[in-house]
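Each remark here refers to the structure printed beneath this line.
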Amino acid sequence: MNLFKPSSKKIFKNFLAQNFTEIKKKHKNDNVILVEFHAWSSHHICYSYLIDQLKKKYSCQVIGYEGYTLISSPILHSPLQKFKWNFGKTLGINNFGIYKEMGIESFIKPEKSSHIDIEFHKFLKKKIYFRNNYDLVNFKFKNVWIGDLIYDTYLKVKNKPTIDIKSKDFEDFFLEAIYVFLYWYNYFKKNNVKAVLVSHSTYLYGIVVRIAALFSAVVYKPTFNTIYKIKKKNYTIGDEFFTFKHKFKKLSKNLKNSGIKKAKKEISLMFEGKRKFGLGYNYKKKSNYKNNSNKIKVMVAMHNFYDSPHVFGKMLFPDFYLWLKHIVNLSLKTNYQWYFKMHPENGLNDYMFIKSILKKNKNIKIISNKTNQNEIISMGINYVLTCFGSIGFEYAYKGITVINACIRNPHAGYSFTHNPKSVKEFNKIILNLKKYTLKPNKKEIIEFFFMRRFHLKINWLLINTKKIASGFGWKKEAHRPKMYKIWASNFDKKKHVK
């Protein structure tokens, strides 16, 4: 180790000081830009460009805020946690130093106050009652939809597959989430927030996003590949799914042809197990799932119970666990051969939850999450059920009928999968599968794949991702300090100006 070699963070700080003229300027008016405070390096690079331009537009002061309250941080901090926060922001230690170099002038986070206590106690008197989990998903407060955010955060933080809405544990969490909401609602009410920069629009990160939209502040969610501009009408990502066809038609003939050619090649490489996406085609493990039955073969493609069921918006069911329970109940009314394919992220606890659901129908076979997808397809699977998984286009490409349980899924703009609009329609399809057999159009699937995987990933920061991905662990390492050094080494002034 070279002790005299500057650290990645030092390199990034110098980079900011040398290349952004507006970012450190002070403004005396009351306009505010809120920037989510966290440790994800790739976002810091994106934020820097946006802060630099937004300060020019709004002549704002820039404030860093804690967006992960109740996700990885409590409202009531211990004395040690308070000390670390205050010490860090005062002296500019670690990420506080990075943010100060990005032009952040102060830092805030939700905390208890007598003013919010008064509003909170008014809310308690209302005695909110949820009849079922659907009521929780649909819950709005002060005309802001937040039920899905509370739902998904509880599953993730508590590591539970579903919610017992009558439990004391959930009630306590729900009330804490309301307190966080009131903090941010009051903040936006009292301050002239012009813009907000966020990392996620899901989980409780989304509370700030949705309140900002209510108060007409512009919200940006940037990554290297895209910048989402979030408004009141597109709280959740996924609106673009319904525009793929229309946008493809507007492309030039040359771009269409080259795009289709590239998409075809990539799909072939995926099925050969030579691409990191479509992970299930890489597995080498062979299994003996032989079934010579003439019955219709139906596979349920599992999801990660805790991974934001409402990332694209409302599903037909409140969560993945209740979706599975419903399917098992339906299976008892059929004469199909049923399979449950485990998700790559399903662990031992998930397996136990699934086994408990399958007690109602012990004839359902479980397929390991390490089984090669090509092997499963060769078993003669006829139909696949998913909520919104990528298996939708993958299995459709092989001529298999796929039924989604979320109308806002990535394939929703095309007709190569079924997208029932209600539980009643979902049931009708499952109980009469032969009547709903699809002949998926491969041209549509290839077009979808090009639009989803390539065309709409604009790489606006002009990062050479191939170079970075080589031995770097792109998805994980992009969020770590090493990314600062790589970004700076790829930097040139011409690209910066562009």
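If you're wondering about the labels, chains in the structure tokens are A, B, ... by order shown, residues count from 1 in each chain, ligands from 1 in order shown.
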
Per-residue nearest contacts range 145-217 of chain A to range 126-138 of chain A, cut-off 7 Å, using only C-alpha atoms, as JSON lines:
{"residue": "A:Trp145", "atom": "CA", "partner": "A:Asn138", "partner_atom": "CA", "distance": 7.0}
{"residue": "A:Gly147", "atom": "CA", "partner": "A:Val137", "partner_atom": "CA", "distance": 4.4}
{"residue": "A:Asp148", "atom": "CA", "partner": "A:Val137", "partner_atom": "CA", "distance": 4.7}
{"residue": "A:Tyr151", "atom": "CA", "partner": "A:Val137", "partner_atom": "CA", "distance": 6.5}
{"residue": "A:Ile165", "atom": "CA", "partner": "A:Asn133", "partner_atom": "CA", "distance": 6.8}

**All strand (DSSP E) positions in range 342-405 of chain A, as number ranges by chain** = A: 365-367, 383-386, 401-404

Emit the selected residues as a compact mmCIF listing (two decimals), in the first residue's frame, including N, CA and C atoms.
# COMPACT_ATOMS: atom_id res chain seq x y z
N LYS A 365 -44.60 -29.79 -6.93
CA LYS A 365 -43.17 -30.10 -6.85
C LYS A 365 -42.36 -28.80 -6.80
N ILE A 366 -41.33 -28.79 -5.96
CA ILE A 366 -40.45 -27.63 -5.85
C ILE A 366 -39.22 -27.84 -6.73
N ILE A 367 -38.90 -26.84 -7.54
CA ILE A 367 -37.70 -26.87 -8.38
C ILE A 367 -36.65 -25.96 -7.76
N TYR A 383 -47.17 -23.56 -19.12
CA TYR A 383 -47.62 -22.24 -18.64
C TYR A 383 -46.75 -21.81 -17.46
N VAL A 384 -46.54 -20.51 -17.35
CA VAL A 384 -45.74 -19.95 -16.25
C VAL A 384 -46.51 -18.81 -15.61
N LEU A 385 -46.50 -18.77 -14.28
CA LEU A 385 -47.11 -17.67 -13.53
C LEU A 385 -46.01 -16.85 -12.87
N THR A 386 -46.07 -15.55 -13.04
CA THR A 386 -45.15 -14.63 -12.40
C THR A 386 -45.92 -13.36 -12.06
N THR A 401 -46.74 -19.96 -22.60
CA THR A 401 -47.71 -18.94 -22.19
C THR A 401 -47.40 -18.46 -20.78
N VAL A 402 -47.28 -17.14 -20.61
CA VAL A 402 -46.95 -16.54 -19.31
C VAL A 402 -48.11 -15.67 -18.84
N ILE A 403 -48.48 -15.81 -17.54
CA ILE A 403 -49.55 -14.99 -16.96
C ILE A 403 -48.96 -14.15 -15.83
N ASN A 404 -49.04 -12.82 -15.97
CA ASN A 404 -48.55 -11.91 -14.94
C ASN A 404 -49.63 -11.62 -13.91

**Asked** Which residue, A:Val311, A:Leu204, A:Ile377, A:Ile260, has the smallest gap to Asn234 in chain A when you use only C-alpha atoms?
**Response**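 Ranking A:Val311, A:Leu204, A:Ile377, A:Ile260 by distance to Asn234 in chain A, first place goes to A:Val311.
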
**Request:** Figure out the distance between CA of Gln61 in chain A and CA of Lys485 in chain A, please, to one decimal in Å.
**Result:** 27.8 Å

**Message:** I'd like the neighbourhood of Lys262 in chain A as number ranges by chain, where a residue qualifies if any of its atoms comes within 12 Å (using only C-alpha atoms), though same-chain residues fewer than 2 positions away should be ignored.
**Reply:** A: 255-260, 264-269, 446-447, 449-451, 453-455
